[in-house]
$ cat coords.pdb   # PDB, C-alpha atoms
MODEL        1
ATOM      1  CA  MET A 257       4.398 -24.394   0.317
ATOM      2  CA  VAL A 258       2.348 -22.559   2.930
ATOM      3  CA  ALA A 259       2.508 -18.786   3.158
ATOM      4  CA  ALA A 260       4.451 -17.343   6.037
ATOM      5  CA  ALA A 261       2.002 -16.069   8.654
ATOM      6  CA  PRO A 262       2.226 -12.299   9.085
ATOM      7  CA  GLU A 263       4.977 -11.528  11.575
ATOM      8  CA  LEU A 264       4.828  -8.475  13.818
ATOM      9  CA  ILE A 265       8.221  -6.915  13.126
ATOM     10  CA  ALA A 266       8.053  -3.686  15.108
ATOM     11  CA  GLU A 267       6.106  -0.507  15.725
ATOM     12  CA  SER A 268       6.817   2.642  13.761
ATOM     13  CA  MET A 269       8.163   5.735  15.485
ATOM     14  CA  TYR A 270       4.517   6.846  15.796
ATOM     15  CA  GLY A 271       3.164   3.559  17.106
ATOM     16  CA  ARG A 272       1.878   1.836  13.957
ATOM     17  CA  ALA A 273       2.123  -1.973  14.155
ATOM     18  CA  LEU A 274       4.211  -3.248  11.223
ATOM     19  CA  TYR A 275       3.624  -6.793   9.937
ATOM     20  CA  LEU A 276       5.505  -8.661   7.221
ATOM     21  CA  SER A 277       4.656 -11.798   5.274
ATOM     22  CA  THR A 278       6.644 -13.354   2.419
ATOM     23  CA  ILE A 279       5.201 -15.706  -0.190
ATOM     24  CA  SER A 280       6.461 -17.181  -3.449
ATOM     25  CA  HIS A 281       3.129 -17.084  -5.258
ATOM     26  CA  LEU A 282      -0.195 -15.306  -4.765
ATOM     27  CA  GLU A 283      -2.011 -18.622  -4.563
ATOM     28  CA  GLN A 284      -0.244 -19.376  -1.269
ATOM     29  CA  TRP A 285      -2.139 -16.663   0.581
ATOM     30  CA  PRO A 286      -4.540 -18.208   3.136
ATOM     31  CA  ALA A 287      -8.299 -17.744   3.064
ATOM     32  CA  THR A 288      -8.402 -16.604   6.713
ATOM     33  CA  LEU A 289      -6.164 -14.239   8.643
ATOM     34  CA  ALA A 290      -5.735 -13.992  12.415
ATOM     35  CA  GLU A 291      -3.453 -10.936  12.442
ATOM     36  CA  PRO A 292      -3.447  -8.090  11.720
ATOM     37  CA  ARG A 293      -7.024  -7.287  12.616
ATOM     38  CA  PRO A 294      -9.282  -5.081  10.445
ATOM     39  CA  TYR A 295      -8.898  -2.552   9.102
ATOM     40  CA  PHE A 296      -5.273  -2.962   8.090
ATOM     41  CA  VAL A 297      -3.315  -1.137   5.406
ATOM     42  CA  LEU A 298      -1.885  -3.484   2.766
ATOM     43  CA  LEU A 299       1.488  -2.759   1.176
ATOM     44  CA  LEU A 300       1.701  -5.349  -1.617
ATOM     45  CA  MET A 301       5.095  -5.681  -3.325
ATOM     46  CA  LEU A 302       5.328  -7.903  -6.380
ATOM     47  CA  ASP A 303       6.217  -8.204 -10.042
ATOM     48  CA  ALA A 304       2.631  -8.497 -11.227
ATOM     49  CA  SER A 305       3.687  -9.188 -14.821
ATOM     50  CA  LYS A 306       4.305 -12.780 -13.660
ATOM     51  CA  PHE A 307       0.657 -13.278 -12.656
ATOM     52  CA  THR A 308      -2.572 -13.479 -14.618
ATOM     53  CA  ASP A 309      -5.626 -11.334 -13.961
ATOM     54  CA  GLU A 310      -7.359 -14.398 -12.529
ATOM     55  CA  GLN A 311      -4.550 -15.068 -10.050
ATOM     56  CA  VAL A 312      -4.469 -11.458  -8.866
ATOM     57  CA  ARG A 313      -8.258 -11.403  -8.598
ATOM     58  CA  ALA A 314      -8.382 -14.570  -6.475
ATOM     59  CA  PHE A 315      -5.821 -13.009  -4.115
ATOM     60  CA  ALA A 316      -7.725  -9.707  -4.015
ATOM     61  CA  ASP A 317     -10.946 -11.517  -3.120
ATOM     62  CA  LYS A 318      -9.231 -13.076  -0.099
ATOM     63  CA  ILE A 319      -7.778  -9.755   1.045
ATOM     64  CA  ALA A 320     -11.163  -8.053   0.680
ATOM     65  CA  ALA A 321     -12.749 -10.642   2.965
ATOM     66  CA  GLN A 322      -9.982 -10.287   5.567
ATOM     67  CA  GLY A 323     -10.724  -6.684   6.459
ATOM     68  CA  VAL A 324      -8.374  -4.516   4.415
ATOM     69  CA  GLY A 325      -8.864  -0.766   4.802
ATOM     70  CA  TYR A 326      -6.357   0.539   2.246
ATOM     71  CA  VAL A 327      -4.507  -1.166  -0.619
ATOM     72  CA  TYR A 328      -1.174   0.081  -1.971
ATOM     73  CA  ALA A 329       0.440  -2.013  -4.723
ATOM     74  CA  TRP A 330       4.081  -1.528  -5.676
ATOM     75  CA  GLY A 331       6.278  -2.998  -8.404
ATOM     76  CA  PRO A 332       6.124  -3.815 -12.135
ATOM     77  CA  ASP A 333       2.552  -3.805 -13.472
ATOM     78  CA  ALA A 334       1.212  -2.565 -10.138
ATOM     79  CA  ASP A 335      -1.334  -0.318 -11.847
ATOM     80  CA  ARG A 336      -3.113  -3.416 -13.176
ATOM     81  CA  VAL A 337      -3.182  -4.840  -9.635
ATOM     82  CA  HIS A 338      -4.694  -1.557  -8.461
ATOM     83  CA  PHE A 339      -7.474  -1.833 -11.049
ATOM     84  CA  ILE A 340      -8.194  -5.485 -10.220
ATOM     85  CA  PHE A 341      -8.489  -4.647  -6.518
ATOM     86  CA  ASP A 342     -11.033  -1.954  -7.363
ATOM     87  CA  LEU A 343     -13.095  -4.613  -9.140
ATOM     88  CA  ALA A 344     -12.755  -7.077  -6.276
ATOM     89  CA  LEU A 345     -13.633  -4.531  -3.615
ATOM     90  CA  TYR A 346     -16.653  -2.907  -5.213
ATOM     91  CA  VAL A 347     -17.751  -3.992  -8.667
ATOM     92  CA  ASP A 348     -18.486  -7.593  -7.725
ATOM     93  CA  ASN A 349     -18.622  -7.414  -3.921
ATOM     94  CA  ASP A 350     -22.192  -6.578  -2.965
ATOM     95  CA  ASP A 351     -21.508  -6.429   0.791
ATOM     96  CA  LEU A 352     -18.627  -3.962   0.535
ATOM     97  CA  ARG A 353     -20.465  -1.839  -2.028
ATOM     98  CA  ARG A 354     -23.544  -1.685   0.207
ATOM     99  CA  GLU A 355     -21.424  -0.784   3.237
ATOM    100  CA  ALA A 356     -19.691   1.969   1.279
ATOM    101  CA  GLU A 357     -22.964   3.444   0.060
ATOM    102  CA  GLU A 358     -24.618   3.332   3.483
ATOM    103  CA  ASN A 359     -21.661   4.966   5.243
ATOM    104  CA  ASP A 360     -20.456   7.299   2.483
ATOM    105  CA  THR A 361     -17.004   5.700   2.502
ATOM    106  CA  ILE A 362     -14.596   3.746   0.324
ATOM    107  CA  ILE A 363     -11.636   1.401   0.695
ATOM    108  CA  LEU A 364      -8.831   3.431  -0.831
ATOM    109  CA  THR A 365      -6.481   1.921  -3.413
ATOM    110  CA  SER A 366      -3.287   3.223  -5.030
ATOM    111  CA  SER A 367      -0.237   1.951  -6.881
ATOM    112  CA  ASP A 368       3.294   2.792  -7.977
ATOM    113  CA  GLU A 369       5.247   1.043 -10.711
ATOM    114  CA  ASN A 370       8.462   3.072 -10.727
ATOM    115  CA  GLU A 371       8.787   4.462  -7.192
ATOM    116  CA  ASP A 372      11.949   3.602  -5.288
ATOM    117  CA  LEU A 373      11.349   0.767  -2.807
ATOM    118  CA  ASP A 374      12.345   2.902   0.178
ATOM    119  CA  ASP A 375       9.890   5.571  -0.951
ATOM    120  CA  ALA A 376       7.147   2.946  -1.173
ATOM    121  CA  ILE A 377       7.922   1.650   2.312
ATOM    122  CA  TYR A 378       8.004   5.205   3.635
ATOM    123  CA  PHE A 379       4.613   5.999   2.126
ATOM    124  CA  GLY A 380       3.119   2.815   3.573
ATOM    125  CA  VAL A 381       4.519   3.412   7.043
ATOM    126  CA  PHE A 382       3.792   7.126   7.384
ATOM    127  CA  HIS A 383       1.120   8.215   4.903
ATOM    128  CA  ALA A 384      -1.171   5.334   3.930
ATOM    129  CA  HIS A 385      -4.368   5.719   5.966
ATOM    130  CA  PRO A 386      -7.877   4.350   5.418
ATOM    131  CA  ASP A 387     -10.904   6.551   4.984
ATOM    132  CA  ASP A 388     -12.392   7.856   8.243
ATOM    133  CA  TYR A 389     -14.986   5.076   8.462
ATOM    134  CA  TYR A 390     -12.238   2.425   8.571
ATOM    135  CA  TYR A 391      -9.809   4.433  10.676
ATOM    136  CA  ALA A 392      -8.738   2.762  13.918
ATOM    137  CA  PRO A 393     -10.232   4.651  16.897
ATOM    138  CA  GLU A 394      -7.103   3.997  18.968
ATOM    139  CA  GLY A 395      -4.805   5.575  16.395
ATOM    140  CA  TRP A 396      -2.769   4.126  13.538
ATOM    141  CA  ASN A 397      -4.191   1.185  11.581
ATOM    142  CA  PRO A 398      -1.722  -1.717  11.359
ATOM    143  CA  LEU A 399       0.360  -2.053   8.197
ATOM    144  CA  LEU A 400       0.728  -5.450   6.535
ATOM    145  CA  ALA A 401       3.514  -5.744   3.964
ATOM    146  CA  ILE A 402       3.216  -8.778   1.687
ATOM    147  CA  VAL A 403       6.282  -9.444  -0.463
ATOM    148  CA  VAL A 404       5.779 -11.885  -3.330
ATOM    149  CA  GLY A 405       8.714 -13.781  -4.798
ATOM    150  CA  SER A 406      11.590 -11.492  -3.743
ATOM    151  CA  PRO A 407      13.687 -12.277  -0.643
ATOM    152  CA  ASP A 408      15.769  -9.159  -1.296
ATOM    153  CA  TRP A 409      12.715  -6.901  -1.119
ATOM    154  CA  ALA A 410      11.565  -8.692   2.015
ATOM    155  CA  ASP A 411      14.957  -8.157   3.661
ATOM    156  CA  GLN A 412      14.814  -4.446   2.873
ATOM    157  CA  VAL A 413      11.286  -4.115   4.247
ATOM    158  CA  ARG A 414      12.277  -5.902   7.449
ATOM    159  CA  ARG A 415      15.342  -3.705   7.918
ATOM    160  CA  ARG A 416      13.338  -0.533   7.368
ATOM    161  CA  PHE A 417      10.520  -1.645   9.670
ATOM    162  CA  LEU A 418      13.047  -2.159  12.458
ATOM    163  CA  ASP A 419      14.178   1.483  12.269
ATOM    164  CA  THR A 420      11.511   3.744  10.826
ATOM    165  CA  GLU A 421      13.238   6.864  12.109
ATOM    166  CA  ALA A 422      16.257   6.078   9.910
ATOM    167  CA  LEU A 423      13.905   5.317   7.015
ATOM    168  CA  SER A 424      12.294   8.735   7.351
ATOM    169  CA  GLU A 425      15.631  10.527   7.602
ATOM    170  CA  ASP A 426      17.092   8.739   4.566
ATOM    171  CA  VAL A 427      14.088   9.274   2.301
ATOM    172  CA  LEU A 428      13.571  12.920   3.179
ATOM    173  CA  ALA A 429      17.289  13.683   2.908
ATOM    174  CA  ARG A 430      17.162  12.789  -0.813
ATOM    175  CA  GLU A 431      14.375  15.261  -1.521
ATOM    176  CA  PRO A 432      13.717  17.543   1.436
ATOM    177  CA  PRO A 433      10.336  19.299   1.579
ATOM    178  CA  PRO A 434      10.291  22.986   0.604
ATOM    179  CA  ARG A 435      10.292  25.275   3.619
ATOM    180  CA  LYS A 436       6.985  26.857   2.628
ATOM    181  CA  PHE A 437       5.243  23.502   3.285
ATOM    182  CA  ALA A 438       4.859  23.200   7.024
ATOM    183  CA  ASP A 439       2.604  20.183   6.543
ATOM    184  CA  LEU A 440       4.862  17.286   5.498
ATOM    185  CA  ARG A 441       1.948  15.054   4.525
ATOM    186  CA  ARG A 442       0.616  17.651   2.104
ATOM    187  CA  TRP A 443       4.053  18.024   0.521
ATOM    188  CA  TRP A 444       4.459  14.254   0.147
ATOM    189  CA  GLN A 445       1.046  13.887  -1.474
ATOM    190  CA  ARG A 446       1.817  16.670  -3.958
ATOM    191  CA  ARG A 447       5.128  15.006  -4.765
ATOM    192  CA  ARG A 448       3.360  11.717  -5.519
ATOM    193  CA  VAL A 449       0.726  13.445  -7.681
ATOM    194  CA  LYS A 450       3.465  15.078  -9.760
ATOM    195  CA  ARG A 451       5.139  11.703 -10.313
ATOM    196  CA  THR A 452       1.818  10.170 -11.355
ATOM    197  CA  LEU A 453       1.231  12.952 -13.880
ATOM    198  CA  ARG A 454       4.721  12.491 -15.316
ATOM    199  CA  ARG A 455       4.067   8.773 -15.786
ATOM    200  CA  ALA A 456       0.708   9.512 -17.450
ATOM    201  CA  ARG A 457       2.285  11.990 -19.882
ATOM    202  CA  LYS A 458       4.956   9.472 -20.832
ATOM    203  CA  ARG A 459       2.635   6.473 -21.170
ATOM    204  CA  TRP A 460      -0.339   8.067 -22.912
ATOM    205  CA  GLY A 461       1.211  11.132 -24.553
ATOM    206  CA  LEU A 462      -1.132  13.425 -22.644
ATOM    207  CA  ASP A 463      -0.804  17.203 -22.500
ATOM    208  CA  LEU A 464      -1.491  17.650 -18.765
TER
ENDMDL
END
$ encode --input "coords.pdb" --output "structure tokens"
Amino acid sequence: MVAAAPELIAESMYGRALYLSTISHLEQWPATLAEPRPYFVLLLMLDASKFTDEQVRAFADKIAAQGVGYVYAWGPDADRVHFIFDLALYVDNDDLRREAEENDTIILTSSDENEDLDDAIYFGVFHAHPDDYYYAPEGWNPLLAIVVGSPDWADQVRRRFLDTEALSEDVLAREPPPRKFADLRRWWQRRRVKRTLRRARKRWGLDL
């Protein structure tokens, strides 16, 4: 089975191009990619517990060569995917490491294992941006959502991409930002940091 080529679904309410591709297995991802162009933001949604380190690494190597500017992994065992992408992007990739050192930059990576799917889509659409070096001069870098092995997730992503204003309203209505935070992005980042700390306390028994 050949992977579905990324499909341009819509533009966000702020003009970000939103692409979606669905695959059954990581090995289906092609070695070359026509669209979106570098440097795209990757929203990767999968149950990574079904894949070995080697399978995730082979996929990450392809994505690294295709011009990714930001990687956000979501779903069970996503933190392991996050770590493997860090290895693929810098530990064993001499070209990317040299570029990062010469330009004082980095390809950002993050992950969420327990975040609600709508929250993950919202973060990808509105708040996932590459470092300045990889930032698109014309504005928003395109977002590529890759859904692995879940038609239901893919349907939800497609529906939300088609109406990002409704997505924003629904997510923020569940947990509206405090009035003292005029900057919504700063509030959202603090919210995500708090969730990460809660997960760390629970998993590692840390006193943070």
$ closest_atom_pairs --input "coords.pdb" --of "region 288-339 of chain A" --to "region 384-388 of chain A" --cutoff "10 Å" --atoms "all atoms listed in the file" --output "tab-separated table"
residue	atom	partner	partner_atom	distance
A:Tyr295	CA	A:Pro386	CA	7.9
A:Phe296	CA	A:Pro386	CA	8.2
A:Val297	CA	A:His385	CA	7.0
A:Leu298	CA	A:Ala384	CA	8.9
A:Leu299	CA	A:Ala384	CA	9.0
A:Val324	CA	A:Pro386	CA	8.9
A:Gly325	CA	A:Pro386	CA	5.2
A:Tyr326	CA	A:Pro386	CA	5.2
A:Val327	CA	A:Ala384	CA	8.6
A:Tyr328	CA	A:Ala384	CA	7.9
$ resolve_selection --input "coords.pdb" --expression "the PyMOL selection byres ((chain A and resi 361) around 9)" --output "number ranges by chain"
A: 355-360, 362-363, 387-390
$ write_last_selection --input "coords.pdb" --atoms "C-alpha atoms" --output "compact mmCIF listing (two decimals), keeping the file's coordinate frame"
# COMPACT_ATOMS: atom_id res chain seq x y z
CA GLU A 355 -21.42 -0.78 3.24
CA ALA A 356 -19.69 1.97 1.28
CA GLU A 357 -22.96 3.44 0.06
CA GLU A 358 -24.62 3.33 3.48
CA ASN A 359 -21.66 4.97 5.24
CA ASP A 360 -20.46 7.30 2.48
CA ILE A 362 -14.60 3.75 0.32
CA ILE A 363 -11.64 1.40 0.70
CA ASP A 387 -10.90 6.55 4.98
CA ASP A 388 -12.39 7.86 8.24
CA TYR A 389 -14.99 5.08 8.46
CA TYR A 390 -12.24 2.42 8.57
$ atom_distance --input "coords.pdb" --atom1 "CA of Pro393 (chain A)" --atom2 "CA of Ala422 (chain A)"
27.4 Å
$ atom_distance --input "coords.pdb" --atom1 "CA of Ser268 (chain A)" --atom2 "CA of Phe417 (chain A)"
7.0 Å
$ closest_residue --input "coords.pdb" --among "A:Pro294, A:Glu425, A:Asp333, A:Leu264" --to "Tyr391 (chain A)" --atoms "all atoms listed in the file"
A:Pro294
$ resolve_selection --input "coords.pdb" --expression "the PyMOL selection byres ((chain A and resi 409) around 12)" --output "number ranges by chain"
A: 276-279, 300-303, 330-331, 372-374, 376-377, 401-408, 410-416
$ closest_residue --input "coords.pdb" --among "A:Trp396, A:Phe339, A:Phe307, A:Tyr378" --to "His281 (chain A)" --atoms "all atoms listed in the file"
A:Phe307
$ residues_near_point --input "coords.pdb" --point "(-8.7, -9.6, -6.5)" --cutoff "6 Å" --atoms "all atoms listed in the file" --output "list in words"
Val312, Arg313, Ala314, Phe315, Ala316, Asp317, Ile340, Phe341 and Ala344 of chain A
$ resolve_selection --input "coords.pdb" --expression "the PyMOL selection byres ((chain A and resi 286) around 12)" --output "ChimeraX atom specification"
/A:257-262,277,279,281-285,287-291,314-319,321-322
$ write_last_selection --input "coords.pdb" --atoms "C-alpha atoms" --output "CSV table (one decimal), keeping the file's coordinate frame"
chain,number,residue,atom,x,y,z
A,257,MET,CA,4.4,-24.4,0.3
A,258,VAL,CA,2.3,-22.6,2.9
A,259,ALA,CA,2.5,-18.8,3.2
A,260,ALA,CA,4.5,-17.3,6.0
A,261,ALA,CA,2.0,-16.1,8.7
A,262,PRO,CA,2.2,-12.3,9.1
A,277,SER,CA,4.7,-11.8,5.3
A,279,ILE,CA,5.2,-15.7,-0.2
A,281,HIS,CA,3.1,-17.1,-5.3
A,282,LEU,CA,-0.2,-15.3,-4.8
A,283,GLU,CA,-2.0,-18.6,-4.6
A,284,GLN,CA,-0.2,-19.4,-1.3
A,285,TRP,CA,-2.1,-16.7,0.6
A,287,ALA,CA,-8.3,-17.7,3.1
A,288,THR,CA,-8.4,-16.6,6.7
A,289,LEU,CA,-6.2,-14.2,8.6
A,290,ALA,CA,-5.7,-14.0,12.4
A,291,GLU,CA,-3.5,-10.9,12.4
A,314,ALA,CA,-8.4,-14.6,-6.5
A,315,PHE,CA,-5.8,-13.0,-4.1
A,316,ALA,CA,-7.7,-9.7,-4.0
A,317,ASP,CA,-10.9,-11.5,-3.1
A,318,LYS,CA,-9.2,-13.1,-0.1
A,319,ILE,CA,-7.8,-9.8,1.0
A,321,ALA,CA,-12.7,-10.6,3.0
A,322,GLN,CA,-10.0,-10.3,5.6
$ axis_aligned_box --input "coords.pdb" --around "region 259-271 of chain A" --padding-each-side "8 Å" --output "JSON"
{"center_x": 5.1, "center_y": -6.0, "center_z": 10.1, "size_x": 22.2, "size_y": 41.6, "size_z": 29.9}
